[in-house]
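Okay, structure first, notes after.
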Amino acid sequence: MTETLLAPSLADRRILLIIAGGIAAYKSLDLIRRLRERGASVRVVMTEAAQQFITPLAAASLSENSVHTELFSLTDESEMGHIRLSREADLVVVAPATADILAKAALGLAGDLASTLLLATNKPILVAPAMNVVMWNHPATQANIATLRARGVLQVGPGSGDLACGEVGGGRMAEPLEIVTAIELALAPHLPLQGRRALVTSGPTFEPIDPVRYIGNRSSGKQGHAIAAALQRLGAETILVAGPTHEPVPPGVHFIAVETAREMLDACLDALPADIAVCAAAVADWRADSVAEQKIKKGAGGTPVLHFVENPDILATIAGRGGDRPALVVGFAAETEDVLGHAQAKRRRKGADWVVANDVSPATGTFGGDINTVHVITADGIDSWPPATKAEVASRLAARIAKVFEVQS
């Protein structure tokens, strides 16, 4: 069973790609290649700092167009001019969008070719932020990106993970295919999930034992958060219900923070009705039958014995709803052995339309990592996808979901 991505064609589309100075600039070369594969014409502008990471020759070779670097280039000004360059594109993309160029754009500065183009263009702008996590979280950067979004600038990413500086956190540039999807959607005549409502669960749940201890799991929430972001980009009104996680809330998504499985279930039921439910959270199957009011002390009456009771089954509850059951219910099966067998049984047992199965054995690095290998299990069979980033998995899953509703409409 094969799957075709739902993606508007980029044939004859003109993209002006501004590459700013960050280590993520190397990804922009792959982005050019991906855009060219889809038929887009790509013109490239590189800042002076960008040329410290990649060469104009590399970008020119991949784009098959000359690369522009200088505001006061006599050749460029006589042949095209920066005003014409900014107006001939269908979309202006900034990738990577560093803290510096975001600040210049927010303030309306025009001291070099890249910032002048952003000020002079009358076309949509899409930015893919990329920077150190502290820089991304700085109030100045957050104020600048909020200003740009308020002006209608589109945003893809950043993701979270290992950064080139050695730190871990938000600020990682979206992967090229994720940016391509955002470009396709920005240029699409309509968003395929416009008018639909999506519910997504993400992250672990923490089940308390006493005021300081809990039972949890290793889920990072990366996959669930990425799915919420992908559905929102396709136009769905998206509600994200998440347990404790360090993942940033995707822009435009309605976020509800919870801690326990029972809190997650209540939040999900409150969010219904919805057209789509994607239960990607790693919900604890059990909780302690009683929670100590004070911290349990070592040596106080020997080793404590915990008694467990089952938590509510969120996926089965949503899938078993009556009149307000979502039209499409997707569950996740995180397994460590017999992945496909367990996932197929889970889909039937819980009444889900699809189950997305993955191997979370320690050797795979799936929990907390950036790469995922999934199998989409439906009543029609199994569709196994190659290893991909969680952002790419999310984009592909959202596209498949959108295709279902395209057929229904």
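Ligands are numbered from 1 in the order shown, residues from 1 within each chain, and chains are lettered A, B, ... in the order they appear in the structure tokens.
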Q | Which of region 121-318 of chain A fall in helix (DSSP H, G or I), as a PyMOL selection string | A | chain A and resi 133-137+139-150+176-186+222-233+261-271+314-318
Q | Who sits within 9 Å of Ala284 (chain A), only C-alpha atoms, same chain under 4 positions skipped, as a list of chain:residue names | A | A:Pro204, A:Thr205, A:Phe206, A:Glu207, A:Ile215, A:Gly216, A:Asn217, A:Thr260, A:Ala261, A:Glu310, A:Asn311
Could you give me, as CSV, a per-residue list for region 376-399 of chain A showing, wherever an atom lies at most 9 Å from an atom of region 172-177 of chain A, the closest pair of atoms and their distance in Å to one decimal, using only C-alpha atoms and sorting by chain then residue number from low to high?
```
residue,atom,partner,partner_atom,distance
A:Thr389,CA,A:Glu175,CA,8.0
A:Ala391,CA,A:Glu175,CA,7.4
A:Glu392,CA,A:Leu177,CA,6.7
A:Ser395,CA,A:Leu177,CA,8.6
```
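CA of Val67 (chain A) is found 5.8 Å from CA of Val45 (chain A).
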Q | Contact residues around Ile125 (chain A) with only C-alpha atoms at 9 Å, ignoring same-chain residues under 4 positions, as a PyMOL selection string | A | chain A and resi 91-94+118+121+152-155
Given the selection you just returned, output its residues as a file containing C-alpha atoms, formatted as a compact mmCIF listing (two decimals), in the first residue's frame.
```
# COMPACT_ATOMS: atom_id res chain seq x y z
CA LEU A 91 6.83 33.99 -2.02
CA VAL A 92 9.83 35.25 -0.06
CA VAL A 93 11.38 32.60 2.20
CA VAL A 94 13.99 33.33 4.87
CA LEU A 118 12.04 42.18 3.11
CA THR A 121 8.43 43.23 -1.08
CA GLY A 152 1.05 38.46 8.49
CA VAL A 153 4.52 36.92 8.19
CA LEU A 154 4.26 33.12 8.10
CA GLN A 155 6.45 30.91 10.28
```
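Reported to one decimal place, the separation of CA of Leu306 (chain A) from CA of Glu335 (chain A) is 25.0 Å.
You will find CA of Gly171 (chain A) at 13.6 Å from CA of Asp100 (chain A).
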Could you list, with a cut-off of 12 Å and counting only C-alpha atoms, the residues of region 92-202 of chain A near region 11-28 of chain A, each shown with its nearest atom pair and the distance in Å rounded to one decimal, rows sorted by chain and ascending number, as a Markdown table?
```
| residue | atom | partner | partner_atom | distance |
| --- | --- | --- | --- | --- |
| A:Val92 | CA | A:Leu16 | CA | 4.8 |
| A:Val93 | CA | A:Leu17 | CA | 4.8 |
| A:Val94 | CA | A:Ile18 | CA | 4.7 |
| A:Ala95 | CA | A:Ile19 | CA | 5.4 |
| A:Pro96 | CA | A:Ala20 | CA | 5.6 |
| A:Ala97 | CA | A:Ala20 | CA | 6.0 |
| A:Thr98 | CA | A:Ala20 | CA | 6.3 |
| A:Ala99 | CA | A:Ala20 | CA | 9.6 |
| A:Asp100 | CA | A:Ala20 | CA | 8.6 |
| A:Ile101 | CA | A:Ala20 | CA | 7.1 |
| A:Leu102 | CA | A:Ala20 | CA | 10.0 |
| A:Lys104 | CA | A:Ala20 | CA | 11.8 |
| A:Asp112 | CA | A:Ala20 | CA | 11.4 |
| A:Leu113 | CA | A:Ile18 | CA | 9.6 |
| A:Ala114 | CA | A:Ile18 | CA | 6.5 |
| A:Ser115 | CA | A:Ile18 | CA | 9.3 |
| A:Thr116 | CA | A:Ile18 | CA | 11.3 |
| A:Leu117 | CA | A:Ile18 | CA | 9.1 |
| A:Leu118 | CA | A:Ile18 | CA | 9.2 |
| A:Thr121 | CA | A:Leu16 | CA | 10.4 |
| A:Lys123 | CA | A:Leu16 | CA | 10.1 |
| A:Pro124 | CA | A:Ile15 | CA | 10.5 |
| A:Ile125 | CA | A:Leu16 | CA | 9.5 |
| A:Leu126 | CA | A:Leu17 | CA | 9.6 |
| A:Val127 | CA | A:Ile18 | CA | 9.4 |
| A:Ala128 | CA | A:Ile19 | CA | 10.2 |
| A:Pro129 | CA | A:Ala24 | CA | 9.7 |
| A:Ala130 | CA | A:Ala24 | CA | 6.9 |
| A:Met131 | CA | A:Gly22 | CA | 7.3 |
| A:Asn132 | CA | A:Gly22 | CA | 9.8 |
| A:Pro158 | CA | A:Ala24 | CA | 11.4 |
| A:Leu163 | CA | A:Ile23 | CA | 9.5 |
| A:Ala164 | CA | A:Ile23 | CA | 7.1 |
| A:Cys165 | CA | A:Ile23 | CA | 9.3 |
| A:Gly171 | CA | A:Ala24 | CA | 10.4 |
| A:Arg172 | CA | A:Ala24 | CA | 8.1 |
| A:Met173 | CA | A:Ala24 | CA | 6.6 |
| A:Ala174 | CA | A:Lys27 | CA | 9.2 |
| A:Glu175 | CA | A:Lys27 | CA | 7.5 |
| A:Pro176 | CA | A:Lys27 | CA | 6.6 |
| A:Leu177 | CA | A:Lys27 | CA | 10.2 |
| A:Glu178 | CA | A:Lys27 | CA | 11.6 |
| A:Ile179 | CA | A:Ser28 | CA | 9.9 |
| A:Val180 | CA | A:Ile15 | CA | 10.9 |
| A:Ile183 | CA | A:Ile15 | CA | 9.0 |
| A:Glu184 | CA | A:Arg13 | CA | 9.7 |
| A:Ala186 | CA | A:Ile15 | CA | 11.4 |
| A:Leu187 | CA | A:Arg13 | CA | 8.5 |
| A:Ala188 | CA | A:Arg13 | CA | 10.9 |
```
I'd like the neighbourhood of Ala230 (chain A) as a PDB file with C-alpha atoms, in the first residue's frame, where a residue qualifies if any of its atoms comes within 10 Å (using only C-alpha atoms), though same-chain residues fewer than 2 positions away should be ignored.
```
ATOM      1  CA  VAL A 156       7.636  27.309  10.160  1.00  0.00           C
ATOM      2  CA  GLU A 178       8.901  20.598   6.440  1.00  0.00           C
ATOM      3  CA  THR A 181       5.302  21.729   2.922  1.00  0.00           C
ATOM      4  CA  ALA A 182       4.898  25.185   4.479  1.00  0.00           C
ATOM      5  CA  GLY A 224       2.643  14.816  19.212  1.00  0.00           C
ATOM      6  CA  HIS A 225       3.590  18.490  19.163  1.00  0.00           C
ATOM      7  CA  ALA A 226       4.849  18.137  15.586  1.00  0.00           C
ATOM      8  CA  ILE A 227       1.548  16.561  14.534  1.00  0.00           C
ATOM      9  CA  ALA A 228      -0.425  19.414  16.113  1.00  0.00           C
ATOM     10  CA  GLN A 232      -2.629  23.573  12.138  1.00  0.00           C
ATOM     11  CA  ARG A 233      -0.554  24.450   9.070  1.00  0.00           C
ATOM     12  CA  LEU A 234      -3.103  22.587   6.928  1.00  0.00           C
ATOM     13  CA  GLY A 235      -5.805  24.896   8.256  1.00  0.00           C
ATOM     14  CA  ALA A 236      -7.345  22.849  11.071  1.00  0.00           C
ATOM     15  CA  THR A 238      -6.089  22.473  16.504  1.00  0.00           C
ATOM     16  CA  PRO A 250       3.356  25.363  18.150  1.00  0.00           C
ATOM     17  CA  ALA A 391       8.566  16.757  11.827  1.00  0.00           C
ATOM     18  CA  GLU A 392       8.563  14.934   8.501  1.00  0.00           C
ATOM     19  CA  VAL A 393       6.459  12.091   9.929  1.00  0.00           C
ATOM     20  CA  ALA A 394       4.015  14.675  11.241  1.00  0.00           C
ATOM     21  CA  SER A 395       3.757  16.451   7.888  1.00  0.00           C
ATOM     22  CA  ARG A 396       3.184  13.181   6.047  1.00  0.00           C
ATOM     23  CA  LEU A 397       0.578  11.999   8.545  1.00  0.00           C
ATOM     24  CA  ALA A 398      -1.256  15.339   8.391  1.00  0.00           C
ATOM     25  CA  ALA A 399      -1.237  15.146   4.590  1.00  0.00           C
TER      26      ALA A 399
END
```
Q: Just the strand (DSSP E) stuff from region 265-390 of chain A, please, per backbone DSSP, written as number ranges by chain.
A: A: 276-279, 286-288, 308-310, 328-335, 354-359, 371-372, 374-378, 381-384, 388-389
Kindly assemble as a Markdown table a list of the region 201-242 of chain A residues that lie within 12 Å of region 269-273 of chain A, each paired with its nearest atom pair and their distance in Å to one decimal, using only C-alpha atoms, sorted first by chain and then by ascending residue number.
```
| residue | atom | partner | partner_atom | distance |
| --- | --- | --- | --- | --- |
| A:Thr201 | CA | A:Ala271 | CA | 11.2 |
| A:Glu237 | CA | A:Ala271 | CA | 11.2 |
| A:Thr238 | CA | A:Ala271 | CA | 10.0 |
| A:Ile239 | CA | A:Ala271 | CA | 7.4 |
| A:Leu240 | CA | A:Ala271 | CA | 9.6 |
| A:Val241 | CA | A:Ala271 | CA | 9.2 |
```
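Excluding Lys295 (chain A) itself and any same-chain residue fewer than 3 positions from it, the protein and nucleic acid residues within 10 Å of it, counting only C-alpha atoms, are Ile209, Asp210, Pro211, Val212, Arg213, Val291, Ala292 and Lys298 of chain A.
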Based on the selection just made, write C-alpha atoms of those residues as a PDB file, in the first residue's frame.
```pdb
ATOM      1  CA  ILE A 209       2.704   8.750  44.454  1.00  0.00           C
ATOM      2  CA  ASP A 210       3.198  11.483  47.035  1.00  0.00           C
ATOM      3  CA  PRO A 211       3.705  15.291  46.774  1.00  0.00           C
ATOM      4  CA  VAL A 212       7.206  14.895  45.263  1.00  0.00           C
ATOM      5  CA  ARG A 213       7.227  11.534  43.459  1.00  0.00           C
ATOM      6  CA  VAL A 291      -1.601   9.237  46.989  1.00  0.00           C
ATOM      7  CA  ALA A 292       0.237   9.993  50.217  1.00  0.00           C
ATOM      8  CA  LYS A 298      12.730   6.135  53.838  1.00  0.00           C
TER       9      LYS A 298
END
```
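The nearest approach to Pro251 (chain A) among the residues A:Pro386, A:Gly157, A:Gly39, A:Gly108, with only C-alpha atoms taken into account, belongs to A:Gly157.
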Q. So which residues touch Gly381 (chain A) within 10 Å, counting only C-alpha atoms, skipping near sequence neighbours fewer than 3 positions away, as a PyMOL selection string?
A. chain A and resi 1+344+354+376-378+384
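Among the candidates A:Arg36, A:Arg87, A:Arg196, A:Lys390, the one nearest to Phe405 (chain A) when counting only C-alpha atoms is A:Arg196.
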